>>> print(open('final27.cif').read())   # mmCIF, C-alpha atoms and all ligand atoms
data_data
loop_
_atom_site.label_atom_id
_atom_site.label_comp_id
_atom_site.auth_asym_id
_atom_site.auth_seq_id
_atom_site.Cartn_x
_atom_site.Cartn_y
_atom_site.Cartn_z
CA MET A 1 112.40 112.19 84.40
CA GLU A 2 113.80 115.51 85.61
CA VAL A 3 116.18 115.31 88.58
CA ILE A 4 116.78 118.56 90.47
CA ILE A 5 119.64 118.43 92.99
CA CYS A 6 119.31 121.14 95.65
CA ARG A 7 121.82 122.43 98.21
CA ASP A 8 119.74 121.37 101.20
CA ALA A 9 116.30 120.40 102.47
CA ALA A 10 115.14 124.03 102.61
CA GLU A 11 115.84 124.46 98.91
CA VAL A 12 114.03 121.18 98.15
CA ALA A 13 110.95 122.59 99.90
CA HIS A 14 111.24 125.87 98.02
CA VAL A 15 111.56 124.32 94.56
CA ALA A 16 108.71 121.88 95.30
CA ALA A 17 106.55 124.79 96.48
CA ASP A 18 107.23 126.53 93.14
CA VAL A 19 105.88 123.45 91.32
CA PHE A 20 102.72 123.36 93.42
CA GLU A 21 102.25 127.12 93.18
CA GLU A 22 102.34 126.88 89.40
CA TYR A 23 99.36 124.48 89.54
CA VAL A 24 97.49 126.52 92.12
CA ARG A 25 97.82 129.69 90.05
CA GLY A 26 97.01 127.80 86.84
CA PRO A 27 93.90 128.25 84.74
CA ARG A 28 91.74 125.48 86.21
CA PRO A 29 91.01 123.88 89.60
CA THR A 30 93.64 121.30 90.41
CA THR A 31 93.57 117.92 92.11
CA PHE A 32 96.54 117.33 94.39
CA GLY A 33 97.77 113.92 95.48
CA LEU A 34 99.44 114.50 98.84
CA ALA A 35 101.80 112.50 101.03
CA THR A 36 102.48 112.43 104.75
CA GLY A 37 105.74 111.56 106.55
CA SER A 38 108.58 113.90 107.50
CA THR A 39 109.87 114.86 104.06
CA PRO A 40 106.94 116.99 102.84
CA VAL A 41 106.57 118.94 106.11
CA ALA A 42 108.93 121.75 105.03
CA LEU A 43 107.08 122.03 101.70
CA TYR A 44 103.74 122.33 103.52
CA ARG A 45 105.20 125.04 105.79
CA GLU A 46 106.37 126.96 102.74
CA LEU A 47 102.95 126.67 101.06
CA ILE A 48 101.26 127.85 104.27
CA ARG A 49 103.67 130.82 104.35
CA ARG A 50 102.86 131.68 100.74
CA HIS A 51 99.14 131.43 101.58
CA LYS A 52 99.50 133.82 104.52
CA GLU A 53 102.04 136.26 103.10
CA GLU A 54 101.58 136.07 99.33
CA ASP A 55 97.83 135.44 98.94
CA LEU A 56 98.29 131.97 97.49
CA SER A 57 94.74 130.58 97.60
CA PHE A 58 93.94 126.87 97.64
CA ALA A 59 90.19 127.39 97.24
CA GLY A 60 88.79 124.91 94.74
CA ILE A 61 91.64 122.40 95.16
CA THR A 62 90.75 118.75 95.77
CA VAL A 63 93.15 116.49 97.69
CA PHE A 64 93.61 112.72 97.66
CA LEU A 65 96.02 111.24 100.19
CA LEU A 66 98.25 108.33 99.26
CA ASP A 67 97.56 106.02 102.16
CA GLU A 68 96.15 105.38 105.62
CA TYR A 69 96.84 103.02 108.51
CA VAL A 70 94.29 100.27 109.00
CA GLY A 71 92.63 100.31 112.40
CA LEU A 72 93.62 103.75 113.72
CA PRO A 73 90.67 105.95 114.65
CA ARG A 74 90.35 108.92 112.31
CA ASP A 75 91.05 111.38 115.10
CA HIS A 76 94.20 109.53 116.27
CA GLU A 77 97.08 111.99 116.05
CA GLN A 78 99.03 109.66 113.76
CA SER A 79 96.22 108.77 111.38
CA TYR A 80 96.99 110.32 108.01
CA TYR A 81 93.49 111.80 108.04
CA ARG A 82 94.62 113.92 111.02
CA THR A 83 98.23 114.35 109.95
CA ILE A 84 97.52 116.07 106.63
CA ARG A 85 95.10 118.44 108.35
CA ARG A 86 97.54 119.25 111.16
CA GLU A 87 100.52 119.67 108.83
CA PHE A 88 98.85 121.48 105.98
CA THR A 89 95.22 121.67 104.97
CA GLU A 90 93.68 123.27 108.07
CA HIS A 91 96.17 126.15 107.79
CA VAL A 92 95.08 127.19 104.31
CA ASP A 93 91.74 127.94 102.60
CA LEU A 94 91.21 124.38 101.37
CA ASN A 95 87.69 123.04 101.81
CA ASP A 96 87.92 120.21 104.37
CA ASP A 97 85.25 118.20 102.48
CA GLU A 98 87.65 118.10 99.55
CA VAL A 99 90.44 116.36 101.51
CA HIS A 100 90.04 112.63 100.87
CA SER A 101 91.86 109.62 102.30
CA PRO A 102 91.31 105.86 102.32
CA ASP A 103 89.00 104.65 105.09
CA GLY A 104 91.28 102.67 107.38
CA ARG A 105 88.37 101.91 109.73
CA ALA A 106 86.10 100.27 107.18
CA ASP A 107 84.66 96.85 108.09
CA ASN A 108 85.83 95.63 104.72
CA PRO A 109 89.17 97.30 103.88
CA GLY A 110 89.23 95.66 100.42
CA ASP A 111 85.96 97.33 99.47
CA ALA A 112 87.14 100.63 100.95
CA ALA A 113 90.32 100.42 98.87
CA ARG A 114 88.42 99.78 95.63
CA ALA A 115 85.98 102.59 96.42
CA TYR A 116 88.88 104.97 97.02
CA ASP A 117 90.53 104.07 93.73
CA GLU A 118 87.20 104.68 91.98
CA SER A 119 86.67 108.03 93.72
CA ILE A 120 90.00 109.29 92.32
CA LYS A 121 88.83 108.34 88.82
CA GLN A 122 85.42 109.96 89.37
CA ALA A 123 87.17 113.18 90.38
CA GLY A 124 89.00 113.20 87.04
CA GLY A 125 92.33 111.86 88.33
CA VAL A 126 95.23 113.54 90.10
CA ASP A 127 96.98 116.45 88.38
CA VAL A 128 100.09 116.56 90.55
CA GLN A 129 101.09 113.79 92.94
CA LEU A 130 103.58 114.42 95.74
CA LEU A 131 105.66 111.44 96.91
CA GLY A 132 108.31 110.69 99.51
CA ILE A 133 110.32 107.48 99.37
CA GLY A 134 111.02 104.95 102.10
CA THR A 135 114.51 103.77 102.99
CA ASP A 136 113.48 100.43 101.45
CA GLY A 137 112.36 102.18 98.27
CA HIS A 138 108.59 102.17 98.86
CA ILE A 139 106.39 104.91 97.42
CA GLY A 140 103.01 105.29 99.04
CA PHE A 141 103.18 102.15 101.15
CA ASN A 142 104.02 99.93 98.19
CA GLU A 143 106.72 97.84 99.76
CA PRO A 144 109.30 95.97 97.65
CA GLY A 145 107.54 93.21 95.74
CA SER A 146 104.46 95.33 95.03
CA SER A 147 103.04 94.80 91.58
CA LEU A 148 103.93 97.60 89.20
CA ALA A 149 100.28 97.51 88.10
CA SER A 150 98.81 97.47 91.63
CA ARG A 151 95.68 99.43 92.58
CA THR A 152 94.65 100.82 95.98
CA ARG A 153 94.61 97.86 98.36
CA ILE A 154 95.62 96.59 101.77
CA LYS A 155 99.37 96.04 102.32
CA THR A 156 101.46 94.66 105.17
CA LEU A 157 104.25 97.02 106.22
CA HIS A 158 107.83 95.78 106.12
CA PRO A 159 109.39 95.56 109.62
CA GLN A 160 111.90 98.22 108.46
CA THR A 161 109.04 100.63 107.69
CA ILE A 162 107.47 99.89 111.06
CA GLU A 163 110.81 100.70 112.68
CA ASP A 164 111.20 103.88 110.58
CA ASN A 165 107.71 105.07 111.56
CA ALA A 166 107.98 104.11 115.24
CA ARG A 167 109.33 107.63 115.93
CA PHE A 168 105.79 108.95 115.50
CA PHE A 169 104.35 106.51 118.07
CA ASP A 170 105.09 105.73 121.73
CA SER A 171 106.50 102.33 120.78
CA PRO A 172 107.09 100.22 117.63
CA ASP A 173 104.31 97.93 118.91
CA ASP A 174 101.81 100.76 118.42
CA VAL A 175 102.56 101.14 114.67
CA PRO A 176 99.76 99.43 112.73
CA VAL A 177 101.02 96.52 110.64
CA HIS A 178 98.47 97.03 107.84
CA VAL A 179 97.73 99.99 105.63
CA LEU A 180 95.57 100.96 102.69
CA THR A 181 97.71 102.47 99.96
CA GLN A 182 97.25 103.68 96.44
CA GLY A 183 98.93 101.13 94.20
CA LEU A 184 101.82 101.76 91.83
CA GLY A 185 99.35 101.60 88.95
CA THR A 186 97.09 104.14 90.67
CA ILE A 187 99.97 106.52 91.44
CA SER A 188 101.22 106.22 87.86
CA GLU A 189 97.94 107.60 86.54
CA ALA A 190 98.65 111.01 88.10
CA ARG A 191 99.48 113.44 85.29
CA HIS A 192 102.62 114.76 87.02
CA VAL A 193 104.55 113.09 89.83
CA VAL A 194 106.84 115.03 92.17
CA LEU A 195 109.15 112.86 94.29
CA LEU A 196 111.03 114.47 97.20
CA ALA A 197 113.89 112.99 99.22
CA THR A 198 116.33 114.47 101.70
CA GLY A 199 119.18 113.02 103.75
CA GLU A 200 121.72 110.30 103.23
CA GLY A 201 119.34 107.59 104.43
CA LYS A 202 117.43 108.01 101.16
CA ALA A 203 120.48 107.93 98.82
CA GLU A 204 120.25 104.24 97.97
CA ALA A 205 116.50 104.30 97.43
CA ILE A 206 116.82 107.32 95.13
CA ALA A 207 119.64 105.78 93.11
CA ALA A 208 117.61 102.58 92.67
CA ALA A 209 114.42 104.46 91.75
CA VAL A 210 116.07 106.82 89.25
CA GLU A 211 118.92 104.77 87.79
CA GLY A 212 118.27 101.15 88.73
CA PRO A 213 116.38 98.63 86.64
CA VAL A 214 112.59 98.87 86.67
CA SER A 215 111.65 96.28 89.24
CA ALA A 216 108.93 95.47 91.73
CA PHE A 217 111.75 95.25 94.28
CA SER A 218 112.41 98.96 93.85
CA PRO A 219 108.87 100.37 93.80
CA GLY A 220 110.05 103.93 93.02
CA SER A 221 111.55 102.62 89.76
CA ALA A 222 107.96 102.28 88.45
CA LEU A 223 108.21 106.04 87.87
CA GLN A 224 110.72 105.45 85.06
CA LEU A 225 107.70 104.39 82.98
CA HIS A 226 105.88 107.67 83.69
CA PRO A 227 106.12 110.50 81.14
CA HIS A 228 106.23 113.40 83.61
CA VAL A 229 108.21 112.99 86.84
CA THR A 230 110.16 115.63 88.77
CA VAL A 231 112.58 114.29 91.38
CA ILE A 232 113.74 116.96 93.84
CA VAL A 233 116.53 115.88 96.20
CA ASP A 234 119.18 117.43 98.41
CA GLU A 235 122.91 116.73 97.96
CA GLU A 236 122.83 113.88 100.47
CA ALA A 237 119.91 112.03 98.92
CA ALA A 238 121.60 112.54 95.51
CA SER A 239 124.95 111.23 96.72
CA LYS A 240 124.61 107.75 95.14
CA LEU A 241 123.39 108.93 91.73
CA LYS A 242 125.85 108.11 88.96
CA PHE A 243 124.58 110.81 86.60
CA GLY A 244 124.45 113.66 89.14
CA LYS A 245 126.67 115.91 87.01
CA TYR A 246 124.38 115.54 84.03
CA TYR A 247 121.23 116.29 86.06
CA ARG A 248 122.87 119.48 87.35
CA PHE A 249 123.96 120.45 83.84
CA ALA A 250 120.45 119.88 82.47
CA TYR A 251 118.86 121.96 85.25
CA GLU A 252 121.36 124.80 84.79
CA HIS A 253 120.52 124.86 81.07
CA LYS A 254 116.79 124.44 81.46
CA PRO A 255 114.97 126.69 78.98
CA GLU A 256 112.85 129.35 80.68
CA TRP A 257 109.75 128.24 78.72
CA GLN A 258 110.00 124.64 79.91
CA ARG A 259 108.82 125.29 83.50
CA PHE A 260 108.09 122.10 85.42
P1 LIG B 1 109.58 110.10 105.41
O1 LIG B 1 108.81 108.86 104.79
O2 LIG B 1 109.22 111.29 104.56
O3 LIG B 1 109.02 110.22 106.80
O4 LIG B 1 111.03 109.79 105.36
C1 LIG B 1 108.83 108.67 103.40
C2 LIG B 1 108.02 107.45 103.06
O5 LIG B 1 107.98 106.50 103.87
O6 LIG B 1 107.43 107.41 101.97
#
>>> encode(input="final27.cif", output="structure tokens", more="lines below")
Ligand code: PGA
Amino acid sequence: MEVIICRDAAEVAHVAADVFEEYVRGPRPTTFGLATGSTPVALYRELIRRHKEEDLSFAGITVFLLDEYVGLPRDHEQSYYRTIRREFTEHVDLNDDEVHSPDGRADNPGDAARAYDESIKQAGGVDVQLLGIGTDGHIGFNEPGSSLASRTRIKTLHPQTIEDNARFFDSPDDVPVHVLTQGLGTISEARHVVLLATGEGKAEAIAAAVEGPVSAFSPGSALQLHPHVTVIVDEEAASKLKFGKYYRFAYEHKPEWQRF
């Protein structure tokens, strides 16, 4: 696991954009796993800027979103179907048909979840998966207690997550209680995972994910079993890491050839 500690949120977005740019400019079409929430917004802005000012083309890229609320109409402003389009994909040359998300309106959410998991496999899997982390340590919407082997399925949000996400809705009562989310097992099949976190509110979750024991009660810690993870955090989100000095030392001495 590589941990990159940045000065601030702007630098987090910049370094993360460098990772994604490397894939986009790589030799073959890439499949992105994308996340919604506040943390990736600055990264998406930077990628849009590079598209407009530096000819970074996303043509040929396929996208799979991590999760979706159950019961929100697709065109609801807070559905993740809409959010990823508003925040990122409709501002670049990504083919809208190639932007996939779980169907939160399906009559049978269990079937929709299994079909989504299968569609990721059929597409050849995710090359680079972007993640945020919840204050309670969730990745995707895998709340504490999620099986480390879980697949895409329906989950019940923790009241803390509902409270955290209420800022996007008129009232906490409007936040759906259920979601479809890629499981920890599904996420772990991505070939490269990039986890972003900014702000002090994420410090405990980051310390538990990176340095705590591997445990279903710290869903981000599942990434310790993954061979290729890049954690990009600002100083505040890094503030509870015990090995911060070492991560800085390693990054300062990173060989040029190693890339991400
Ligand atoms: P945030 O959410 O980026 O809005 O803080 C992260 C998450 O819940 O995974």
>>> atom_distance(input="final27.cif", atom1="CA of Pro227 in chain A", atom2="CA of Val194 in chain A")
11.9 Å
>>> residues_near_ligand(input="final27.cif", ligand="ligand LIG 1 (chain B)", cutoff="8 Å", atoms="only C-alpha atoms and all ligand atoms", output="number ranges by chain")
A: 35-40, 131-135, 138-141, 161, 164-165, 197-198, 202
>>> residues_around(input="final27.cif", residues="Val175 in chain A", least_positions_apart="3", cutoff="7 Å", atoms="only C-alpha atoms", output="list in words")
Ile162, Ala166, Phe169 and Pro172 of chain A
>>> write_last_selection(input="final27.cif", atoms="C-alpha atoms", output="mmCIF file, keeping the file's coordinate frame")
data_model
loop_
_atom_site.group_PDB
_atom_site.id
_atom_site.type_symbol
_atom_site.label_atom_id
_atom_site.label_comp_id
_atom_site.auth_asym_id
_atom_site.auth_seq_id
_atom_site.Cartn_x
_atom_site.Cartn_y
_atom_site.Cartn_z
ATOM 1 C CA ILE A 162 107.470 99.890 111.060
ATOM 2 C CA ALA A 166 107.980 104.110 115.240
ATOM 3 C CA PHE A 169 104.350 106.510 118.070
ATOM 4 C CA PRO A 172 107.090 100.220 117.630
#
>>> closest_residue(input="final27.cif", among="A:Asp174, A:Asp127, A:Glu21, A:Glu211", to="Arg49 in chain A", atoms="only C-alpha atoms")
A:Glu21
>>> residues_around(input="final27.cif", residues="Arg191 in chain A", least_positions_apart="3", cutoff="10 Å", atoms="only C-alpha atoms", output="list in words")
Gly125, Val126, Asp127, Val128, Gln129, Ile187, Ser188, His226, Pro227, His228 and Val229 of chain A
>>> residues_near_point(input="final27.cif", point="(121.6, 114.7, 92.9)", cutoff="12 Å", atoms="only C-alpha atoms", output="ChimeraX atom specification")
/A:2-8,12,196-200,202-204,206-207,210-211,231-251
>>> closest_residue(input="final27.cif", among="A:Ile84, A:Ala42, A:Val99, A:Leu94", to="Ser57 in chain A", atoms="only C-alpha atoms")
A:Leu94
>>> closest_residue(input="final27.cif", among="A:Gln182, A:Leu34, A:Val193, A:Ser146", to="Met1 in chain A", atoms="only C-alpha atoms")
A:Val193
>>> atom_distance(input="final27.cif", atom1="CA of Arg259 in chain A", atom2="CA of Val15 in chain A")
11.4 Å
>>> residues_around(input="final27.cif", residues="Ser218 in chain A", least_positions_apart="2", cutoff="9 Å", atoms="all atoms listed in the file", output="PyMOL selection string")
chain A and resi 136-138+143-146+205+208-209+212-216+220-222
>>> residues_around(input="final27.cif", residues="Asp67 in chain A", least_positions_apart="3", cutoff="10 Å", atoms="all atoms listed in the file", output="ChimeraX atom specification")
/A:34-36,64,70,79-81,101-104,113,140-142,152-154,179-183
>>> axis_aligned_box(input="final27.cif", around="range 96-113 of chain A", padding_each_side="5 Å", output="lines of an AutoDock Vina configuration file")
center_x = 88.3
center_y = 107.9
center_z = 104.3
size_x = 17.2
size_y = 34.6
size_z = 20.9
>>> atom_distance(input="final27.cif", atom1="CA of Leu148 in chain A", atom2="CA of Gln78 in chain A")
27.8 Å
>>> closest_residue(input="final27.cif", among="A:Thr31, A:Leu223, A:Arg114, A:Leu195", to="Ala13 in chain A", atoms="all atoms listed in the file")
A:Leu195
>>> build_atoms(input="final27.cif", residues="range 215-226 of chain A", atoms="all heavy atoms", output="mmCIF file, in the coordinates of the input")
data_model
loop_
_atom_site.group_PDB
_atom_site.id
_atom_site.type_symbol
_atom_site.label_atom_id
_atom_site.label_comp_id
_atom_site.auth_asym_id
_atom_site.auth_seq_id
_atom_site.Cartn_x
_atom_site.Cartn_y
_atom_site.Cartn_z
ATOM 1 N N SER A 215 111.843 97.546 88.533
ATOM 2 C CA SER A 215 111.650 96.280 89.240
ATOM 3 C C SER A 215 110.671 96.464 90.384
ATOM 4 O O SER A 215 110.674 97.498 91.063
ATOM 5 C CB SER A 215 113.017 95.847 89.805
ATOM 6 O OG SER A 215 112.845 95.017 90.919
ATOM 7 N N ALA A 216 109.859 95.431 90.603
ATOM 8 C CA ALA A 216 108.930 95.470 91.730
ATOM 9 C C ALA A 216 109.686 95.544 93.057
ATOM 10 O O ALA A 216 109.119 95.925 94.075
ATOM 11 C CB ALA A 216 108.042 94.227 91.706
ATOM 12 N N PHE A 217 110.979 95.199 93.039
ATOM 13 C CA PHE A 217 111.750 95.250 94.280
ATOM 14 C C PHE A 217 112.291 96.648 94.556
ATOM 15 O O PHE A 217 112.890 96.894 95.596
ATOM 16 C CB PHE A 217 112.824 94.172 94.303
ATOM 17 C CG PHE A 217 112.202 92.882 94.727
ATOM 18 C CD1 PHE A 217 111.610 92.056 93.796
ATOM 19 C CD2 PHE A 217 112.100 92.549 96.070
ATOM 20 C CE1 PHE A 217 110.942 90.906 94.178
ATOM 21 C CE2 PHE A 217 111.437 91.403 96.470
ATOM 22 C CZ PHE A 217 110.865 90.571 95.526
ATOM 23 N N SER A 218 112.080 97.550 93.628
ATOM 24 C CA SER A 218 112.410 98.960 93.850
ATOM 25 C C SER A 218 111.184 99.756 93.388
ATOM 26 O O SER A 218 111.147 100.260 92.264
ATOM 27 C CB SER A 218 113.646 99.307 93.014
ATOM 28 O OG SER A 218 113.819 100.687 92.976
ATOM 29 N N PRO A 219 110.164 99.841 94.268
ATOM 30 C CA PRO A 219 108.870 100.370 93.800
ATOM 31 C C PRO A 219 108.977 101.751 93.147
ATOM 32 O O PRO A 219 108.258 102.040 92.195
ATOM 33 C CB PRO A 219 108.042 100.409 95.089
ATOM 34 C CG PRO A 219 108.644 99.328 95.936
ATOM 35 C CD PRO A 219 110.118 99.353 95.655
ATOM 36 N N GLY A 220 109.901 102.596 93.620
ATOM 37 C CA GLY A 220 110.050 103.930 93.020
ATOM 38 C C GLY A 220 110.479 103.854 91.559
ATOM 39 O O GLY A 220 110.253 104.797 90.783
ATOM 40 N N SER A 221 111.098 102.743 91.158
ATOM 41 C CA SER A 221 111.550 102.620 89.760
ATOM 42 C C SER A 221 110.371 102.548 88.794
ATOM 43 O O SER A 221 110.537 102.761 87.593
ATOM 44 C CB SER A 221 112.458 101.395 89.588
ATOM 45 O OG SER A 221 111.698 100.205 89.727
ATOM 46 N N ALA A 222 109.161 102.267 89.306
ATOM 47 C CA ALA A 222 107.960 102.280 88.450
ATOM 48 C C ALA A 222 107.816 103.637 87.779
ATOM 49 O O ALA A 222 107.257 103.738 86.682
ATOM 50 C CB ALA A 222 106.716 101.963 89.277
ATOM 51 N N LEU A 223 108.352 104.678 88.417
ATOM 52 C CA LEU A 223 108.210 106.040 87.870
ATOM 53 C C LEU A 223 109.008 106.228 86.592
ATOM 54 O O LEU A 223 108.768 107.184 85.853
ATOM 55 C CB LEU A 223 108.634 107.075 88.926
ATOM 56 C CG LEU A 223 107.833 107.030 90.239
ATOM 57 C CD1 LEU A 223 108.394 108.050 91.230
ATOM 58 C CD2 LEU A 223 106.348 107.286 89.988
ATOM 59 N N GLN A 224 109.966 105.337 86.327
ATOM 60 C CA GLN A 224 110.720 105.450 85.060
ATOM 61 C C GLN A 224 109.809 105.236 83.854
ATOM 62 O O GLN A 224 110.154 105.615 82.741
ATOM 63 C CB GLN A 224 111.861 104.427 85.037
ATOM 64 C CG GLN A 224 112.955 104.721 86.056
ATOM 65 C CD GLN A 224 114.022 103.643 86.069
ATOM 66 O OE1 GLN A 224 114.311 103.035 85.044
ATOM 67 N NE2 GLN A 224 114.600 103.402 87.223
ATOM 68 N N LEU A 225 108.645 104.622 84.086
ATOM 69 C CA LEU A 225 107.700 104.390 82.980
ATOM 70 C C LEU A 225 106.719 105.551 82.826
ATOM 71 O O LEU A 225 105.858 105.523 81.949
ATOM 72 C CB LEU A 225 106.914 103.094 83.242
ATOM 73 C CG LEU A 225 107.769 101.831 83.331
ATOM 74 C CD1 LEU A 225 106.928 100.656 83.824
ATOM 75 C CD2 LEU A 225 108.371 101.504 81.969
ATOM 76 N N HIS A 226 106.839 106.547 83.697
ATOM 77 C CA HIS A 226 105.880 107.670 83.690
ATOM 78 C C HIS A 226 106.438 108.814 82.850
ATOM 79 O O HIS A 226 107.623 109.139 82.943
ATOM 80 C CB HIS A 226 105.650 108.116 85.139
ATOM 81 C CG HIS A 226 104.499 109.049 85.294
ATOM 82 N ND1 HIS A 226 104.558 110.359 84.897
ATOM 83 C CD2 HIS A 226 103.255 108.862 85.787
ATOM 84 C CE1 HIS A 226 103.390 110.944 85.141
ATOM 85 N NE2 HIS A 226 102.582 110.055 85.686
#
